[in-house]
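Read through the structure below, which is laid out as structure tokens, and then see the notes.
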Amino acid sequence: MTEVSEILMSVLSTIRVPRPGDRVHKDECAFSFSSPESEGGLYVCMNSFLGFGSKYVERHHAKTGQRAYLHITRTRKTQDENNSGSGDPPKKKPTRLAIGIEGGFDVEQEQYEEEVNVVLFPDRQEVTSEDLASMPDVVRERVSLSMTGLQAADSVSHTLQVQQWDGEVRQESKYAAELKQLDNGVKIPPSGWKCEVCDLQENLWMNLTDGKVFCGRKYFDGSGGNNHALLYYQQSGYPLAVKLGTITPDGADVYSYDEDDMVLDSKLPEHLSHFGIDMMTMEKTERTITELEIAVNQRVGEWEVIQESGSTLRPLWGPGLTGMKNLGNSCYLNSVMQVLFTIPDFQTKSVPLRMFVSLCVVLEAKLGYGLLSGEYSKPAPDPGDDPGTSTEPRGDQLGIAPRMFKALVGRGHPEFSTNRQQDAQEFLLHFINMVERNCRSGMNPSEAFRFLVEEKIVCQQSQKAKYTQRVDYIVQLPVPMDQATNMEELHEAERRREEADSSGAPPPAAPRAQIPFAACFAALSEPETLTDFWSSAVQAKTTATKTTHFASFPDHLVIQIKKFTFGLDWVPKKLDVSIDVPDTLDLSALHAMGQQPGEELLPEVAPPPLMTPDVEVKGILGSHGNEEDDSLYSPLLSPVLDDSTVSQLCEMGFPLEACRKAVYYTGNTGIDAAMNWVMGHMEDPDFSAPLVLPGSSSAPGTTPTESLPEEHLATIVSMGFSRDQATRALRATSMSFFSFSISLYHCSYAALIQQYHFFSILMFSLLLFASFRWVIFNDQKVCASEKPPKDLGYLYFYRRVVE
């Protein structure tokens, strides 16, 4: 038996065959963004199935004693190899607005030649499939099965990237089955159609009730149609229309104006035949709505040079200038993480990997290194170029694809675990939540954003005050549309739009509202009137005023411009506004002063009791307690809450636990008081946390006896950490975010003059002030910005200036 064969025999117990459900990390290193395409390839542990780049595999071997790794290297094929002589079928264009589904977008954009061998450490002895042929049966069978299984298994990153999504799924229209069609003698020819109003000959829709043909909606760029089909529906009420030019024997585009969506019509052949159209003889002459949407999605991923006022911008490379690949509507995550890793607290946190025991923080550190090192900030080769050919670098970068990070921070979350677009502000708070849970015993970078808010409520009847404090991380500013400086222009545009609607003409371009930043900022200091406040001084409801100030100031201030609002019909909409956000802020006037001389405080009197007189109060020991010894009394009682009030609040869309708190803390005094409590506490960090009564135990999931998933423990242990470290890390990350003691918060900023300079703006892409210049980050494109549109931001990040 050869030396290699003997080694394999001795480590055979550490070579496993993947089973269904095993997570195989064969596309990305656990500690870096190295992949099989990187220099040195990727080493996959044949026991834990974790992947390691060439720089980290030695560390894993030294920590765990693992010797057998599957070494995967991939070399990108040239354009000639991709298109001819390889035997591979040509790439198909997507036919469905879908990801990971037959006919949808292909997530594997490039083709590679792959080489796979087993490597034995510490000497890195290589074992090929040919070498295995001459080894004992037991060795050959186990190693071959493991190799085959690892190659056949879907990698974790690939699975996360695909996450099957079909944006094309359509529902049967509620009008299809019983649609009434007029017997008006209308017959539609097989071609030669035009709009009955404007004679447009493309993007035409035939109403399925009376056969009228009109043009479709006008697109954002002015093309498409003149909205005549929509206007006809508004006049007639006939709901269904079919797009002429898309009719084939397989179907057609059908739109329901009333349901405001593309729909299915199971009786479409019958409905078309009513107007003389034979589906079986029709041919497609126009792109379907799906094809138009696909074209838009494909353009989003192309370079097409980022422009500002028509200027072509210069690409940038190097440390701190690394692009992030869009994983499918993940620009909210990319933008937030790019900003966070320009902040010194997060940069420092990302360096010492050996200090971290939490998987979340390990991946955060990995992401930080990927963004800051410059290792991946290099021009991406053109997929059609020969790798050995020197060409002019393109604008986009190799960049990094934070698949593992996205999967972890989104795990279990109903929104961030999907491929849908999300709100950047909500994601920032969600990520801060995770950082807080993982940094209880060490440096916490999220403290850079944390500040205390002081709320002062003054009872207008007794003039007595109440002071409360809460932790916050983001300052939210409303957009007062009624204070726009170009109000006359906006009114004139609205008048022209109404005239256009009534005449059927295309709507004119709407001007952008110009809102002074001072008007938005004034809301922070303006008193708020509470009309249904329960005053402990007068033991009744009365009117009060509430003012909000900063009890402490953060090192980095995040301001959110609340551009998303609801219309009168409760349909969410985005405000198109321009706000003159200043480069420098002075918050000294918003510094909380605390209780003033001579000011009386509202007495600490509880609201009316919740427990009814006939409720029997029992201690934790139940019948084992006794009347004389009240030390056995337990506060773990279920409060008697008004179910109807709780239900009314829930129907308004508020979380159940928040509704229960509102009823509890207002003493069952009715819906008005409960609503007042909700509106006054919506920004509380524990707004949706479970109601915990004074003296009761903490939230579930924090008890030391709670069992932990063995597979999670094994994953962290296999990365080189002890079982004790892994256990403590998993217990820590299961704890509630806001169970930390506010008394530990260090409030040392009050005496300083609070001036801030802003350094980054988050919109659809990201503008970042770095090295005395503005830089625009748009996924994998990183460029010097010439004229940054600072007035169009959504989140603004300011850095505190200490004098």
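FYI, nothing fancy with the structure tokens labels: chains A, B, ... in order, residues from 1 per chain, ligands from 1 as they appear.
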> What lies within 9 Å of Pro122 (chain A) using only C-alpha atoms, ignoring chain neighbours under 2 positions off, as an NGL selection string?
Replying inline: :A and (58 or 61-62 or 67 or 120 or 124-125)
Save out the residues we just selected, C-alpha atoms, as an mmCIF file, in the first residue's frame.
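Final file, result.cif:
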```cif
data_model
loop_
_atom_site.group_PDB
_atom_site.id
_atom_site.type_symbol
_atom_site.label_atom_id
_atom_site.label_comp_id
_atom_site.auth_asym_id
_atom_site.auth_seq_id
_atom_site.Cartn_x
_atom_site.Cartn_y
_atom_site.Cartn_z
ATOM 1 C CA GLU A 58 -3.672 25.813 6.582
ATOM 2 C CA HIS A 61 -6.035 22.147 9.177
ATOM 3 C CA ALA A 62 -3.989 23.299 12.166
ATOM 4 C CA ARG A 67 -6.264 16.383 6.398
ATOM 5 C CA LEU A 120 -3.862 15.813 1.790
ATOM 6 C CA ARG A 124 -0.527 19.135 0.140
ATOM 7 C CA GLN A 125 -0.201 15.752 -1.516
#
```
> Taking only C-alpha atoms into account, which of A:Glu39, A:Asp684, A:Glu600, A:Glu426 comes nearest Val458 (chain A)?
Replying inline: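 Of the candidates, the smallest distance to Val458 (chain A) is held by A:Glu600.
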> Pick from A:Leu230, A:Cys215, A:Leu367, A:Val339: nearest to Phe769 (chain A), with only C-alpha atoms counted?
Replying inline: A:Val339
> Quick one: of A:Glu126, A:Asp642, A:Asp265, A:Asp250, who's nearest to Tyr69 (chain A), counting only C-alpha atoms?
Replying inline: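 With only C-alpha atoms as the atom set, the closest residue is A:Glu126.
The smallest atom-to-atom distance between Lys180 (chain A) and any of A:Leu240, A:Val475, A:Leu132, A:Met434, using only C-alpha atoms, is found for A:Leu240.
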>> Write out as number ranges by chain the set of residues from region 121-342 of chain A that DSSP, computed on the backbone, places in alpha helix (DSSP H).
In response: A: 129-132, 137-152, 156-162, 228-236, 268-273, 289-300, 331-340
>> Restricting the calculation to only C-alpha atoms: of A:Ala592, A:Cys198, A:Val577, A:Ile561, which residue gets closest to Tyr794 (chain A)?
In response: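 Among the listed residues, A:Ile561 lies closest to Tyr794 (chain A).
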>> List the spatial neighbours of region 520-535 of chain A as an MDAnalysis selection string - criterion: any atom at most 6 Å away, only C-alpha atoms, same-chain residues fewer than 6 positions off excluded.
In response: chainID A and resid 477:479 541:547
What does the file look like for those residues with N, CA, C and O atoms, as an mmCIF file, in the first residue's frame?
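See selection-v2.cif below for the written result:
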```cif
data_model
loop_
_atom_site.group_PDB
_atom_site.id
_atom_site.type_symbol
_atom_site.label_atom_id
_atom_site.label_comp_id
_atom_site.auth_asym_id
_atom_site.auth_seq_id
_atom_site.Cartn_x
_atom_site.Cartn_y
_atom_site.Cartn_z
ATOM 1 N N LEU A 477 -36.998 62.596 9.613
ATOM 2 C CA LEU A 477 -37.529 63.929 9.312
ATOM 3 C C LEU A 477 -38.684 63.814 8.327
ATOM 4 O O LEU A 477 -38.532 63.233 7.244
ATOM 5 N N PRO A 478 -39.841 64.384 8.660
ATOM 6 C CA PRO A 478 -40.960 64.401 7.709
ATOM 7 C C PRO A 478 -40.695 65.404 6.592
ATOM 8 O O PRO A 478 -39.828 66.273 6.702
ATOM 9 N N VAL A 479 -41.455 65.274 5.510
ATOM 10 C CA VAL A 479 -41.334 66.187 4.372
ATOM 11 C C VAL A 479 -42.598 67.039 4.312
ATOM 12 O O VAL A 479 -43.655 66.572 3.870
ATOM 13 N N LYS A 541 -58.098 62.236 32.024
ATOM 14 C CA LYS A 541 -57.558 62.567 30.708
ATOM 15 C C LYS A 541 -57.576 64.073 30.503
ATOM 16 O O LYS A 541 -58.534 64.751 30.891
ATOM 17 N N THR A 542 -56.538 64.564 29.867
ATOM 18 C CA THR A 542 -56.462 65.999 29.606
ATOM 19 C C THR A 542 -55.538 66.229 28.411
ATOM 20 O O THR A 542 -55.077 65.282 27.767
ATOM 21 N N THR A 543 -55.257 67.490 28.123
ATOM 22 C CA THR A 543 -54.353 67.836 27.027
ATOM 23 C C THR A 543 -52.940 68.030 27.569
ATOM 24 O O THR A 543 -52.753 68.547 28.668
ATOM 25 N N ALA A 544 -51.951 67.596 26.770
ATOM 26 C CA ALA A 544 -50.553 67.757 27.158
ATOM 27 C C ALA A 544 -49.749 68.107 25.916
ATOM 28 O O ALA A 544 -50.199 67.947 24.780
ATOM 29 N N THR A 545 -48.558 68.636 26.146
ATOM 30 C CA THR A 545 -47.628 68.903 25.042
ATOM 31 C C THR A 545 -46.381 68.053 25.242
ATOM 32 O O THR A 545 -45.913 67.858 26.366
ATOM 33 N N LYS A 546 -45.848 67.584 24.134
ATOM 34 C CA LYS A 546 -44.646 66.753 24.181
ATOM 35 C C LYS A 546 -43.560 67.378 23.318
ATOM 36 O O LYS A 546 -43.805 67.727 22.154
ATOM 37 N N THR A 547 -42.372 67.535 23.887
ATOM 38 C CA THR A 547 -41.217 68.020 23.136
ATOM 39 C C THR A 547 -40.109 66.981 23.218
ATOM 40 O O THR A 547 -39.971 66.270 24.218
#
```
> Which polymer residues have any atom within 12 Å of an atom of Tyr257 (chain A), counting only C-alpha atoms, with same-chain residues fewer than 6 positions away left out, as number ranges by chain?
Replying inline: A: 173-175, 205, 207-208, 216-217, 229-242, 263
>> Just checking: using only C-alpha atoms, which residue out of A:Asn486, A:Asn184, A:Gln425, A:Ser5 ends up closest to Val138 (chain A)?
In response: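 Distance minimum relative to Val138 (chain A) lands on A:Ser5.
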> Quick one: residues within 9 Å of Ser688 (chain A), only C-alpha atoms counted, chain neighbours fewer than 2 positions away excluded, as a PyMOL selection string?
Replying inline: chain A and resi 654-659+682+684-686+690-691
